[in-house]
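The data block below is model04.cif; it holds mmCIF, C-alpha atoms.
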```cif
data_coords
#
loop_
_atom_site.label_atom_id
_atom_site.label_comp_id
_atom_site.auth_asym_id
_atom_site.auth_seq_id
_atom_site.Cartn_x
_atom_site.Cartn_y
_atom_site.Cartn_z
CA MET A 1 -9.18 -64.53 -167.16
CA ALA A 2 -11.89 -63.13 -169.44
CA ALA A 3 -14.09 -60.34 -168.19
CA HIS A 4 -17.81 -60.96 -167.77
CA VAL A 5 -19.73 -59.77 -170.84
CA LYS A 6 -23.26 -58.50 -170.34
CA ASP A 7 -25.79 -60.08 -172.72
CA LYS A 8 -23.30 -62.61 -174.05
CA GLU A 9 -26.08 -64.75 -175.54
CA ALA A 10 -27.52 -61.75 -177.37
CA PHE A 11 -24.13 -60.92 -178.92
CA GLN A 12 -23.76 -64.56 -179.96
CA ARG A 13 -27.20 -64.41 -181.60
CA LEU A 14 -26.28 -61.20 -183.43
CA ASN A 15 -23.01 -62.77 -184.59
CA PHE A 16 -24.86 -65.86 -185.83
CA LEU A 17 -27.37 -63.77 -187.80
CA TYR A 18 -24.59 -61.72 -189.40
CA GLN A 19 -22.66 -64.85 -190.38
CA ALA A 20 -25.85 -66.49 -191.68
CA ALA A 21 -26.50 -63.50 -193.95
CA HIS A 22 -22.94 -63.79 -195.32
CA CYS A 23 -23.31 -67.54 -195.90
CA VAL A 24 -26.64 -67.16 -197.67
CA LEU A 25 -25.24 -64.58 -200.10
CA SER A 26 -22.00 -66.48 -200.70
CA GLN A 27 -23.85 -69.69 -201.62
CA ASN A 28 -26.55 -68.05 -203.74
CA PRO A 29 -26.18 -64.34 -204.60
CA GLU A 30 -29.84 -64.20 -205.68
CA ASN A 31 -30.99 -64.91 -202.10
CA VAL A 32 -30.89 -61.23 -201.14
CA GLU A 33 -34.28 -61.27 -199.39
CA LEU A 34 -33.24 -63.95 -196.88
CA ALA A 35 -29.99 -62.12 -196.08
CA ARG A 36 -31.99 -58.90 -195.68
CA PHE A 37 -34.34 -60.68 -193.24
CA TYR A 38 -31.37 -61.86 -191.16
CA CYS A 39 -29.86 -58.35 -191.07
CA HIS A 40 -33.23 -56.78 -190.20
CA THR A 41 -33.66 -59.28 -187.34
CA GLN A 42 -30.14 -58.49 -186.13
CA LYS A 43 -30.89 -54.76 -186.18
CA THR A 44 -34.18 -55.10 -184.27
CA ILE A 45 -32.60 -57.33 -181.60
CA SER A 46 -29.76 -54.87 -181.03
CA LYS A 47 -32.25 -51.98 -180.80
CA ARG A 48 -34.56 -53.82 -178.42
CA LEU A 49 -31.73 -54.82 -176.07
CA VAL A 50 -29.87 -51.49 -176.53
CA LEU A 51 -26.63 -53.13 -177.66
CA ARG A 52 -23.95 -51.33 -179.62
CA GLN A 53 -22.64 -53.07 -182.69
CA ASP A 54 -19.10 -52.77 -183.92
CA PRO A 55 -18.65 -50.03 -186.56
CA SER A 56 -17.24 -52.55 -189.03
CA VAL A 57 -20.54 -54.46 -188.84
CA LYS A 58 -22.68 -51.34 -189.04
CA ARG A 59 -20.84 -50.15 -192.14
CA THR A 60 -21.70 -53.33 -194.04
CA ILE A 61 -25.47 -53.10 -193.46
CA CYS A 62 -27.65 -50.63 -195.36
CA LYS A 63 -29.47 -48.24 -193.02
CA ARG A 64 -32.49 -47.91 -195.29
CA CYS A 65 -33.30 -51.46 -196.45
CA CYS A 66 -31.17 -53.59 -194.03
CA SER A 67 -29.42 -55.27 -196.94
CA LEU A 68 -25.94 -56.74 -196.43
CA LEU A 69 -23.53 -54.63 -198.49
CA LEU A 70 -21.16 -56.93 -200.35
CA PRO A 71 -19.15 -55.35 -203.19
CA GLY A 72 -20.24 -56.62 -206.58
CA ILE A 73 -23.30 -58.49 -205.25
CA THR A 74 -25.48 -56.02 -203.36
CA ALA A 75 -23.32 -52.87 -203.50
CA THR A 76 -20.94 -50.94 -205.68
CA VAL A 77 -17.76 -49.52 -204.16
CA ARG A 78 -15.94 -46.60 -205.75
CA GLN A 79 -12.98 -44.44 -204.79
CA ARG A 80 -13.64 -40.72 -205.31
CA ARG A 81 -11.91 -37.40 -204.67
CA HIS A 82 -13.94 -34.57 -203.19
CA TYR A 83 -12.27 -31.24 -202.48
CA GLY A 84 -8.87 -32.90 -202.25
CA GLN A 85 -10.02 -35.65 -199.88
CA ARG A 86 -10.14 -39.30 -200.85
CA ARG A 87 -13.43 -41.04 -200.12
CA THR A 88 -14.88 -44.50 -200.48
CA VAL A 89 -18.42 -44.39 -201.83
CA VAL A 90 -20.60 -47.46 -201.19
CA ARG A 91 -23.95 -47.57 -203.02
CA CYS A 92 -26.65 -50.12 -202.18
CA LEU A 93 -28.02 -51.77 -205.32
CA CYS A 94 -31.37 -52.55 -203.66
CA CYS A 95 -32.48 -49.09 -202.53
CA GLY A 96 -29.80 -46.76 -203.92
CA LEU A 97 -28.60 -45.39 -200.56
CA THR A 98 -25.07 -43.99 -200.74
CA LYS A 99 -22.54 -44.06 -197.89
CA ARG A 100 -19.34 -42.04 -197.97
CA PHE A 101 -16.28 -42.81 -195.85
CA LEU A 102 -13.04 -40.84 -195.67
CA ASN A 103 -9.88 -42.63 -196.77
CA ASN A 104 -7.60 -40.93 -194.27
CA PRO A 105 -4.97 -43.49 -193.17
CA ASN A 106 -4.44 -41.61 -189.88
CA TYR A 107 -8.15 -41.61 -189.02
CA LYS A 108 -9.27 -43.72 -186.08
CA LEU A 109 -12.80 -44.50 -185.04
CA TRP A 110 -13.86 -43.19 -181.63
CA ALA A 111 -14.13 -46.76 -180.32
CA GLU A 112 -10.47 -47.38 -181.23
CA GLN A 113 -9.12 -44.30 -179.45
CA PRO A 114 -7.71 -44.67 -175.92
CA GLU A 115 -10.03 -41.96 -174.55
CA ALA A 116 -13.03 -44.15 -175.38
CA GLN A 117 -11.82 -47.04 -173.22
CA LEU A 118 -13.41 -47.23 -169.80
CA GLU A 119 -10.18 -48.08 -167.97
CA ASN A 120 -8.57 -44.87 -169.31
CA GLN A 121 -11.32 -42.62 -167.94
CA PRO A 122 -10.56 -40.59 -164.79
CA LYS A 123 -12.31 -41.62 -161.60
CA PRO A 124 -15.39 -39.51 -160.78
CA ASP A 125 -13.95 -38.29 -157.46
CA GLN A 126 -10.56 -37.43 -158.99
CA LYS A 127 -9.98 -34.30 -161.03
CA PRO A 128 -7.11 -34.23 -163.51
CA SER A 129 -4.33 -31.87 -162.52
CA LEU A 130 -3.47 -28.80 -164.56
CA GLN A 131 -0.22 -30.42 -165.76
CA GLN A 132 -2.04 -33.54 -167.00
CA THR A 133 -4.57 -31.41 -168.89
CA GLN A 134 -1.78 -29.36 -170.54
CA GLN A 135 0.11 -32.53 -171.52
CA GLU A 136 -3.02 -34.02 -173.12
CA MET A 137 -3.59 -30.80 -175.09
CA LYS A 138 0.02 -30.88 -176.36
CA LYS A 139 -0.40 -34.52 -177.46
CA ALA A 140 -3.58 -33.65 -179.35
CA ASP A 141 -1.79 -30.93 -181.35
#
```
Here is a file; write its structure as structure tokens.
Amino acid sequence: MAAHVKDKEAFQRLNFLYQAAHCVLSQNPENVELARFYCHTQKTISKRLVLRQDPSVKRTICKRCCSLLLPGITATVRQRRHYGQRRTVVRCLCCGLTKRFLNNPNYKLWAEQPEAQLENQPKPDQKPSLQQTQQEMKKAD
């Protein structure tokens, strides 16, 4: 049985706007302004309702001009090395904003880690024992 999702209609609206922006750019790559309008509307709705978007969605929208970042159409994507670390550099072609992401295969977003999940959090009235804390520290190393 599926859990009750707060603001389900709002998430559906955000999903529709994101998909509409993708469809507009896939049919006519010159329709950047309409896709930007859809992404800007999506961003303002999520801010107004205080909803968190998935990091994969946030990474494909420019923070400065709200343009949808599609490689080869509205963005350039390059692989770079910086001090021995591999990075993906995404540059918006509309405003020139550059985003840099690490290419570490072992890296996990905070939302994907088990500590971030609500069901894995300790109860407020329960304190973790000393043994549990030491075991968690050993796992982290």
For Ala10 in chain A, which of A:Gln42, A:Gln79, A:Gln113, A:Asn106 is the closest residue, counting all atoms listed in the file?
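Among the listed residues, the smallest separation from Ala10 in chain A belongs to A:Gln42.
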What is the CA of Ser46 in chain A-CA of Ser67 in chain A distance in Å, reported with one decimal?
15.9 Å
When you look at Leu109 in chain A with a cut-off of 12 Å (counting all atoms listed in the file), what residues show up, excluding the ones that are within fewer than 6 positions of it in the same chain? I need them as a list in words.
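Listing them by chain and then by number gives Asp54, Pro55, Ser56, Phe101, Leu102, Glu115 and Ala116 of chain A.
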To one decimal in Å, tell me the separation between CA of Arg52 in chain A and CA of Leu68 in chain A.
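Taking CA of Arg52 in chain A and CA of Leu68 in chain A, their separation equals 17.8 Å.
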Rounded to one decimal in Å, what is the spacing between CA of Lys8 in chain A and CA of Cys62 in chain A?
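So the answer is 24.8 Å.
Residue nearest Pro105 in chain A, chosen from A:Leu69, A:Lys47, A:Ala20, A:Gln85 and counting only C-alpha atoms: A:Gln85.
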So that I can check the surroundings of Ile45 in chain A, please list as a list in words every protein, DNA and RNA residue that reaches within 9 Å of it, counting all atoms listed in the file and ignoring chain neighbours fewer than 6 positions away.
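Listed by chain and then number, they are Ala10, Arg13, Leu14 and Leu51 of chain A.
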Do you know which residues are at most 9 Å from Leu34 in chain A counting all atoms listed in the file, after dropping those on the same chain fewer than 6 positions away, and could you put them as a list in words?
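Surrounding residues, per the criterion: Ala21, Val24 and Leu25 of chain A.
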So which residues fall inside 12 Å of (-30.0, -59.7, -195.2) if we count only C-alpha atoms? Mind giving them as a PyMOL selection string?
chain A and resi 17-26+29-43+60-63+65-70+74+94
Best match for closeness to Gln53 in chain A among A:Asn103, A:Thr88, A:Gln27, A:Gln12, counting only C-alpha atoms
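Looking only at the distances to Gln53 in chain A, the closest residue turns out to be A:Gln12.
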